[in-house]
Every structure is written in structure tokens, then in C-alpha cells.
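Participant: Contents of model.txt (compact mmCIF, C-alpha atoms) are below:
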```txt
# COMPACT_ATOMS: atom_id res chain seq x y z
CA MET Z 1 28.48 9.02 45.11
CA PRO Z 2 26.33 9.37 41.97
CA ILE Z 3 27.65 7.88 38.75
CA THR Z 4 27.96 10.41 35.93
CA THR Z 5 27.35 9.22 32.38
CA PRO Z 6 29.75 10.55 29.74
CA ILE Z 7 28.12 12.74 27.10
CA ILE Z 8 29.19 12.80 23.45
CA LEU Z 9 27.51 15.00 20.81
CA GLY Z 10 25.00 16.11 23.41
CA LEU Z 11 23.85 12.52 24.06
CA PRO Z 12 24.84 10.00 26.72
CA THR Z 13 27.14 7.24 25.52
CA SER Z 14 24.37 4.69 26.07
CA HIS Z 15 22.36 6.48 23.35
CA LEU Z 16 25.08 6.30 20.70
CA PRO Z 17 24.14 2.76 19.51
CA LEU Z 18 20.63 4.04 18.80
CA LEU Z 19 22.10 6.97 16.89
CA LEU Z 20 24.28 4.61 14.82
CA HIS Z 21 21.25 2.44 14.12
CA LEU Z 22 19.37 5.50 12.90
CA LEU Z 23 22.21 6.57 10.62
CA ILE Z 24 22.50 3.09 9.10
CA GLU Z 25 18.85 2.16 8.72
CA THR Z 26 17.56 5.49 7.39
CA PRO Z 27 19.21 5.06 3.95
CA ALA Z 28 18.11 1.41 3.96
CA SER Z 29 14.48 2.30 4.60
CA LEU Z 30 14.54 4.96 1.89
CA SER Z 31 16.06 2.45 -0.53
CA PHE Z 32 13.31 -0.09 0.12
CA LEU Z 33 10.62 2.58 -0.19
CA LEU Z 34 11.86 4.59 -3.18
CA ARG Z 35 13.89 2.03 -5.14
CA PRO Z 36 12.77 -1.51 -4.29
CA GLU Z 37 14.32 -2.77 -7.56
CA SER Z 38 17.78 -2.12 -6.13
CA GLN Z 39 17.11 -4.63 -3.36
CA LEU Z 40 15.89 -7.39 -5.69
CA PRO Z 41 17.81 -7.67 -8.98
CA LEU Z 42 15.12 -9.92 -10.43
CA LEU Z 43 12.74 -6.94 -10.58
CA SER Z 44 15.13 -4.80 -12.59
CA SER Z 45 15.91 -7.66 -14.97
CA SER Z 46 12.23 -8.43 -15.45
CA SER Z 47 11.37 -4.81 -16.18
CA SER Z 48 14.18 -4.54 -18.72
CA SER Z 49 13.26 -7.81 -20.37
CA SER Z 50 9.58 -6.88 -20.60
CA SER Z 51 10.41 -3.56 -22.22
CA SER Z 52 12.81 -5.10 -24.73
CA SER Z 53 10.70 -8.16 -25.53
CA SER Z 54 8.96 -8.37 -28.90
CA PRO Z 55 6.55 -10.94 -30.35
CA SER Z 56 8.32 -13.62 -32.34
CA PRO Z 57 6.93 -16.63 -34.19
CA THR Z 58 7.30 -19.98 -32.46
CA ILE Z 59 7.57 -23.41 -34.09
CA LYS Z 60 5.81 -26.20 -32.24
CA SER Z 61 7.74 -29.43 -32.44
CA SER Z 62 9.09 -32.10 -30.15
CA SER Z 63 12.57 -30.56 -30.13
CA SER Z 64 11.26 -27.07 -29.43
CA SER Z 65 9.13 -28.33 -26.55
CA SER Z 66 12.11 -30.12 -25.03
CA THR Z 67 14.29 -27.04 -25.27
CA ALA Z 68 11.50 -24.94 -23.78
CA LEU Z 69 11.30 -27.26 -20.82
CA SER Z 70 15.06 -27.26 -20.35
CA SER Z 71 15.40 -23.49 -20.67
CA PRO Z 72 15.55 -21.55 -17.37
CA ARG Z 73 12.15 -20.04 -16.55
CA SER Z 74 12.80 -18.98 -12.98
CA SER Z 75 14.60 -15.83 -14.07
CA THR Z 76 11.46 -14.22 -15.49
CA ILE Z 77 8.44 -13.05 -13.55
CA THR Z 78 5.13 -11.59 -14.59
CA ALA Z 79 4.06 -7.99 -14.12
CA ASN Z 80 1.72 -8.92 -11.27
CA GLN Z 81 4.47 -10.83 -9.49
CA ALA Z 82 6.83 -7.87 -9.86
CA THR Z 83 4.20 -5.55 -8.40
CA GLU Z 84 3.64 -7.93 -5.48
CA ALA Z 85 7.38 -8.05 -4.84
CA ARG Z 86 7.63 -4.25 -4.85
CA LEU Z 87 4.75 -3.99 -2.40
CA ILE Z 88 6.42 -6.46 -0.03
CA LEU Z 89 9.73 -4.61 -0.23
CA ARG Z 90 8.02 -1.27 0.42
CA ASN Z 91 6.19 -2.88 3.31
CA PHE Z 92 9.54 -3.83 4.82
CA GLY Z 93 10.82 -0.32 4.17
CA GLY Z 94 7.83 1.05 6.05
CA LEU Z 95 8.68 -1.20 8.98
CA LEU Z 96 12.23 0.18 9.03
CA LEU Z 97 10.88 3.72 8.78
CA SER Z 98 8.58 3.24 11.77
CA VAL Z 99 11.48 1.81 13.79
CA ASN Z 100 13.59 4.82 12.83
CA CYS Z 101 10.83 7.15 14.00
CA LEU Z 102 10.75 5.24 17.27
CA VAL Z 103 14.52 5.67 17.64
CA ILE Z 104 14.21 9.42 17.01
CA TYR Z 105 11.51 9.66 19.65
CA LEU Z 106 13.57 7.74 22.21
CA LEU Z 107 16.67 9.83 21.55
CA PHE Z 108 14.93 13.19 21.76
CA ARG Z 109 11.98 12.31 23.97
CA HIS Z 110 12.76 15.11 26.41
CA ARG Z 111 12.39 17.65 23.61
CA PHE Z 112 9.04 16.23 22.53
CA SER Z 113 7.77 16.32 26.10
CA SER Z 114 9.01 19.87 26.63
CA VAL Z 115 7.07 21.06 23.58
CA GLY Z 116 4.03 19.24 24.91
CA LEU Z 117 3.20 17.10 21.89
CA ARG Z 118 2.19 14.07 23.92
CA PRO Z 119 1.33 15.06 27.48
CA GLY Z 120 0.69 12.34 30.02
CA ASN Z 121 -2.57 12.01 31.92
CA GLY Z 122 -0.88 11.65 35.28
CA ASN Z 123 1.84 13.28 37.29
CA GLY Z 124 5.27 12.01 38.15
CA LYS Z 125 6.23 8.46 37.19
CA GLU Z 126 2.78 7.50 35.93
CA GLY Z 127 2.70 10.52 33.64
CA GLU Z 128 6.11 9.67 32.20
CA GLU Z 129 5.08 6.07 31.54
CA GLU Z 130 1.88 7.21 29.86
CA GLU Z 131 3.80 9.68 27.74
CA LEU Z 132 6.31 7.01 26.73
CA ILE Z 133 3.57 4.57 25.73
CA ARG Z 134 1.82 7.22 23.65
CA GLY Z 135 5.04 8.13 21.85
CA VAL Z 136 5.90 4.51 21.06
CA THR Z 137 2.34 3.85 19.89
CA ALA Z 138 2.37 6.84 17.58
CA CYS Z 139 5.66 5.78 15.99
CA LEU Z 140 4.52 2.19 15.44
CA SER Z 141 1.21 3.34 13.97
CA LEU Z 142 3.15 4.63 10.97
CA TYR Z 143 3.93 1.04 9.95
CA HIS Z 144 0.25 0.18 9.39
CA VAL Z 145 0.06 2.68 6.53
CA PHE Z 146 2.19 0.43 4.32
CA PRO Z 147 0.34 -2.91 4.69
CA LEU Z 148 -2.86 -0.88 4.31
CA TYR Z 149 -1.58 0.45 0.98
CA ARG Z 150 -0.43 -3.02 -0.05
CA ALA Z 151 -3.85 -4.51 0.71
CA TRP Z 152 -5.55 -1.76 -1.30
CA LYS Z 153 -3.29 -2.39 -4.29
CA ARG Z 154 -3.94 -6.14 -4.09
CA ILE Z 155 -7.68 -5.50 -4.06
CA CYS Z 156 -7.34 -3.33 -7.18
CA MET Z 157 -5.12 -5.90 -8.88
CA SER Z 158 -7.47 -8.81 -8.21
CA SER Z 159 -10.16 -7.31 -10.44
CA SER Z 160 -7.88 -7.11 -13.47
CA ARG Z 161 -5.80 -10.22 -12.83
CA ALA Z 162 -8.32 -12.58 -14.44
CA ALA Z 163 -8.38 -10.57 -17.66
CA VAL Z 164 -4.60 -10.39 -17.81
CA ASP Z 165 -4.24 -14.11 -17.21
CA GLY Z 166 -6.82 -14.81 -19.89
CA ASN Z 167 -4.81 -12.96 -22.53
CA GLU Z 168 -1.68 -14.99 -21.93
CA LYS Z 169 -1.02 -17.67 -24.55
CA LYS Z 170 0.10 -20.97 -23.08
CA ASP Z 171 0.91 -24.36 -24.47
CA LEU Z 172 -1.74 -27.04 -23.93
CA ARG Z 173 0.66 -29.40 -22.19
CA GLU Z 174 1.83 -26.63 -19.85
CA VAL Z 175 -1.75 -25.80 -18.95
CA LEU Z 176 -2.57 -29.42 -18.19
CA ARG Z 177 0.62 -29.89 -16.18
CA GLU Z 178 0.87 -26.63 -14.20
CA GLY Z 179 -2.62 -25.15 -14.36
CA GLY Z 180 -3.95 -26.85 -11.25
CA LYS Z 181 -0.86 -26.07 -9.19
CA LYS Z 182 -0.87 -22.40 -10.18
CA GLU Z 183 -4.55 -21.97 -9.34
CA GLY Z 184 -3.98 -23.60 -5.99
CA LYS Z 185 -1.09 -21.27 -5.23
CA GLU Z 186 -3.10 -18.19 -6.24
CA ASP Z 187 -6.05 -19.24 -4.09
CA GLU Z 188 -3.66 -19.91 -1.21
CA THR Z 189 -2.10 -16.44 -1.42
CA LYS Z 190 -5.52 -14.81 -1.64
CA LYS Z 191 -6.68 -16.60 1.52
CA THR Z 192 -3.49 -16.08 3.55
CA LEU Z 193 -4.55 -14.59 6.91
CA GLY Z 194 -7.94 -13.73 5.45
CA GLY Z 195 -6.88 -12.11 2.18
CA PRO Z 196 -6.33 -8.45 1.19
CA VAL Z 197 -9.82 -7.30 2.20
CA VAL Z 198 -9.33 -8.56 5.75
CA HIS Z 199 -5.82 -7.08 5.80
CA PHE Z 200 -7.20 -3.69 4.74
CA VAL Z 201 -9.88 -3.62 7.42
CA VAL Z 202 -7.60 -4.88 10.21
CA HIS Z 203 -4.74 -2.47 9.49
CA MET Z 204 -7.13 0.44 9.08
CA ILE Z 205 -8.69 -0.24 12.50
CA VAL Z 206 -5.45 -1.03 14.35
CA GLY Z 207 -3.45 1.75 12.69
CA GLY Z 208 -6.22 4.28 13.31
CA LEU Z 209 -6.52 3.33 16.97
CA MET Z 210 -2.77 3.44 17.47
CA GLY Z 211 -2.53 6.84 15.78
CA ALA Z 212 -5.37 8.22 17.87
CA ALA Z 213 -3.78 6.87 21.06
CA GLY Z 214 -0.42 8.35 20.11
CA LEU Z 215 -1.97 11.77 19.56
CA GLY Z 216 -3.76 11.61 22.91
CA LEU Z 217 -7.26 11.23 21.44
CA LEU Z 218 -7.96 8.04 23.39
```
Could you rewrite the structure in this file as C-alpha cells?
Facilitator:
Amino acid sequence: MPITTPIILGLPTSHLPLLLHLLIETPASLSFLLRPESQLPLLSSSSSSSSSSSPSPTIKSSSSSSTALSSPRSSTITANQATEARLILRNFGGLLLSVNCLVIYLLFRHRFSSVGLRPGNGNGKEGEEEELIRGVTACLSLYHVFPLYRAWKRICMSSSRAAVDGNEKKDLREVLREGGKKEGKEDETKKTLGGPVVHFVVHMIVGGLMGAAGLGLL
């Protein structure tokens, strides 16, 4: 005797967890994409502090240097660091968005196949598997748009970063103490997994191939 699956809201009960995931993660993905500052309070505080900051005279003395060292500096970030943080948050939002598109495709795959958006190359079971792979590939290809955009922004920022860093006024002791460490960290981030240029090329190739496969062009 065949087992009948209960249907709620036009979907089998086994599909309801996917629907709940979609309802929960859609606002989260939009929040990371449109308002990344709401996910990281340090960004909003840094933007407000940078807008309200004004140049003030400083007195160089032993007491002032000791208070400067004891004052909390971790609560402020530079403009480049804030931009990097926003790009990372939007990258995560793009990942959530691609997963949500995959959930939509899995929930309503029969409607996509009936319209004929992603026809399979074979018949029967092989055609269904091919159609499923193409649909999943097309949904995941959307993710590569966001690291591609992040790599492009990092390439554009690298040209102006040296000029911005050169305009910053720093104390001589701070330069001697932290200069080498900061340069090492910047070089390390630039060379992580090949750097932004390699990221741009890789995501452009992989995302383009996945998009073409999802649309049935390969």
C-alpha cells in the first residue's frame, strides 16, 4: 500500500523546513547586503566618529604619550578597514542569497521544469538528474558575483591606499614600533589565496562557467 505524504500549503510536509529556512534567511541576506552596518556595530560607530571628528591640537609629552598608549584604540577603524568589512559582510549576504535561490528552486522545481527553463539532455531519470544539476549550478553561480565585486573593489582600493596611508600623521615611536607589523599584515592580506587579482579571474571564470551550465549553454 503506497504511503501518502501529507500536504500543507500546497507543499509536502517534508518541504516545510526548507520553506521556514527561506522565510528566515531572506531578511538576513537582505540585511547583510543592504545594511551591513547593522550586523557589525563597529562600522556604524566608526562612520559616526569619522563624521563628527575634527582636527585638534595635540601636546607631545611623556604623560600624553602614556595616556595615548593606555587609551582604547581597538574601537576605531580606518575607512579602508570599514570598506573591507562591508565587502566581507556583503559577500556573506550573497552566499545566503544564493542558498535562498537554491531553496526556491528545490521547492518549486516542478514548475521550473514545466515552463522549460532548464530542460535535461536525456529522458527519464537521466534527464531529471541533468535538470537538477543544471538548476543547482545556476543558483550557486549567483554567489560568485559577490566575491567578484569584492575583488574588483580591492583592486581599485589598492591604487589609492598608498596615498591615503601617506597622508596619515603618526608618532615616530608608533611608526618604529608598529610599522613593520602593519606592513607585514597588509602584505599577508594582499597575498591571501593569490590576492584580489587572482580572486577576480578565478571567480569570473568559475561563475561564468556555472552560469552557462545552469542556462544549458554547456
Participant: Within 8 Å of segment 94-107 of chain Z, counting all atoms listed in the file, which residues show up once you throw out same-chain ones fewer than 6 positions away? Write them as a list of chain:residue names, please.
Facilitator: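 My reading of the contact set: Z:His15, Z:Leu18, Z:Leu19, Z:Leu22, Z:Glu25, Z:Thr26, Z:Ala28, Z:Ser29, Z:Leu30, Z:Leu33, Z:Gly135, Z:Val136, Z:Cys139, Z:Leu140, Z:Ser141, Z:Leu142, Z:Tyr143, Z:Val145, Z:Phe146.
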Participant: Show me, as a PDB file with C-alpha atoms, keeping the file's coordinate frame, the residues that have an atom within 7 Å of Phe32 of chain Z when counting all atoms listed in the file, minus same-chain residues fewer than 3 positions from it.
Facilitator:
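Now in selection.pdb:
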```pdb
ATOM      1  CA  ALA Z  28      18.110   1.410   3.960  1.00  0.00           C
ATOM      2  CA  SER Z  29      14.480   2.300   4.600  1.00  0.00           C
ATOM      3  CA  ARG Z  35      13.890   2.030  -5.140  1.00  0.00           C
ATOM      4  CA  PRO Z  36      12.770  -1.510  -4.290  1.00  0.00           C
ATOM      5  CA  GLN Z  39      17.110  -4.630  -3.360  1.00  0.00           C
ATOM      6  CA  LEU Z  89       9.730  -4.610  -0.230  1.00  0.00           C
ATOM      7  CA  ARG Z  90       8.020  -1.270   0.420  1.00  0.00           C
ATOM      8  CA  GLY Z  93      10.820  -0.320   4.170  1.00  0.00           C
TER       9      GLY Z  93
END
```
Participant: Between atom CA of Leu148 of chain Z and atom CA of His199 of chain Z, what is the distance, to one decimal in Å?
Facilitator: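 About the pair atom CA of Leu148 of chain Z and atom CA of His199 of chain Z: they are 7.0 Å apart.
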Participant: Find the residues near segment 150-158 of chain Z: any atom within 8 Å, counting all atoms listed in the file, skip ones fewer than 2 places away on the same chain, and give them as a list in words.
Facilitator: Asn80, Glu84, Leu87, Ile88, Asn91, Phe146, Pro147, Leu148, Ser160, Arg161, Ala162, Pro196, Val197, His199 and Phe200 of chain Z
Participant: Export C-alpha atoms of the chosen residues as a compact mmCIF listing (two decimals), keeping the file's coordinate frame?
Facilitator:
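This is the output file again_17.txt:
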```txt
# COMPACT_ATOMS: atom_id res chain seq x y z
CA ASN Z 80 1.72 -8.92 -11.27
CA GLU Z 84 3.64 -7.93 -5.48
CA LEU Z 87 4.75 -3.99 -2.40
CA ILE Z 88 6.42 -6.46 -0.03
CA ASN Z 91 6.19 -2.88 3.31
CA PHE Z 146 2.19 0.43 4.32
CA PRO Z 147 0.34 -2.91 4.69
CA LEU Z 148 -2.86 -0.88 4.31
CA SER Z 160 -7.88 -7.11 -13.47
CA ARG Z 161 -5.80 -10.22 -12.83
CA ALA Z 162 -8.32 -12.58 -14.44
CA PRO Z 196 -6.33 -8.45 1.19
CA VAL Z 197 -9.82 -7.30 2.20
CA HIS Z 199 -5.82 -7.08 5.80
CA PHE Z 200 -7.20 -3.69 4.74
```
Participant: Provide the atom CA of Leu209 of chain Z to atom CA of Arg86 of chain Z distance in Å, to one decimal place.
Facilitator: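 Computed distance, atom CA of Leu209 of chain Z to atom CA of Arg86 of chain Z, equals 27.1 Å.
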Participant: Work out how far atom CA of His144 of chain Z is from atom CA of Glu37 of chain Z, in Å to one decimal.
Facilitator: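 That distance, rounded to one decimal, is 22.2 Å.
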Participant: As lines of an AutoDock Vina configuration file, please: the centre and edge lengths in Å, to one decimal, of an axis-aligned box enclosing every listed atom of segment 76-88 of chain Z with 4 Å added on each side.
Facilitator:
```
center_x = 6.6
center_y = -9.1
center_z = -7.8
size_x = 17.7
size_y = 18.2
size_z = 23.5
```
Participant: Restricting the calculation to only C-alpha atoms, which member of Z:Thr13, Z:Leu132, Z:Thr192, Z:Val201 is positioned closest to Ala213 of chain Z?
Facilitator: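 Smallest distance to Ala213 of chain Z is found for Z:Leu132.
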Participant: Nearest to Glu130 of chain Z among Z:Leu218, Z:Val198, Z:Ile205, Z:Leu40, with distances taken over only C-alpha atoms: which residue is it?
Facilitator: Z:Leu218
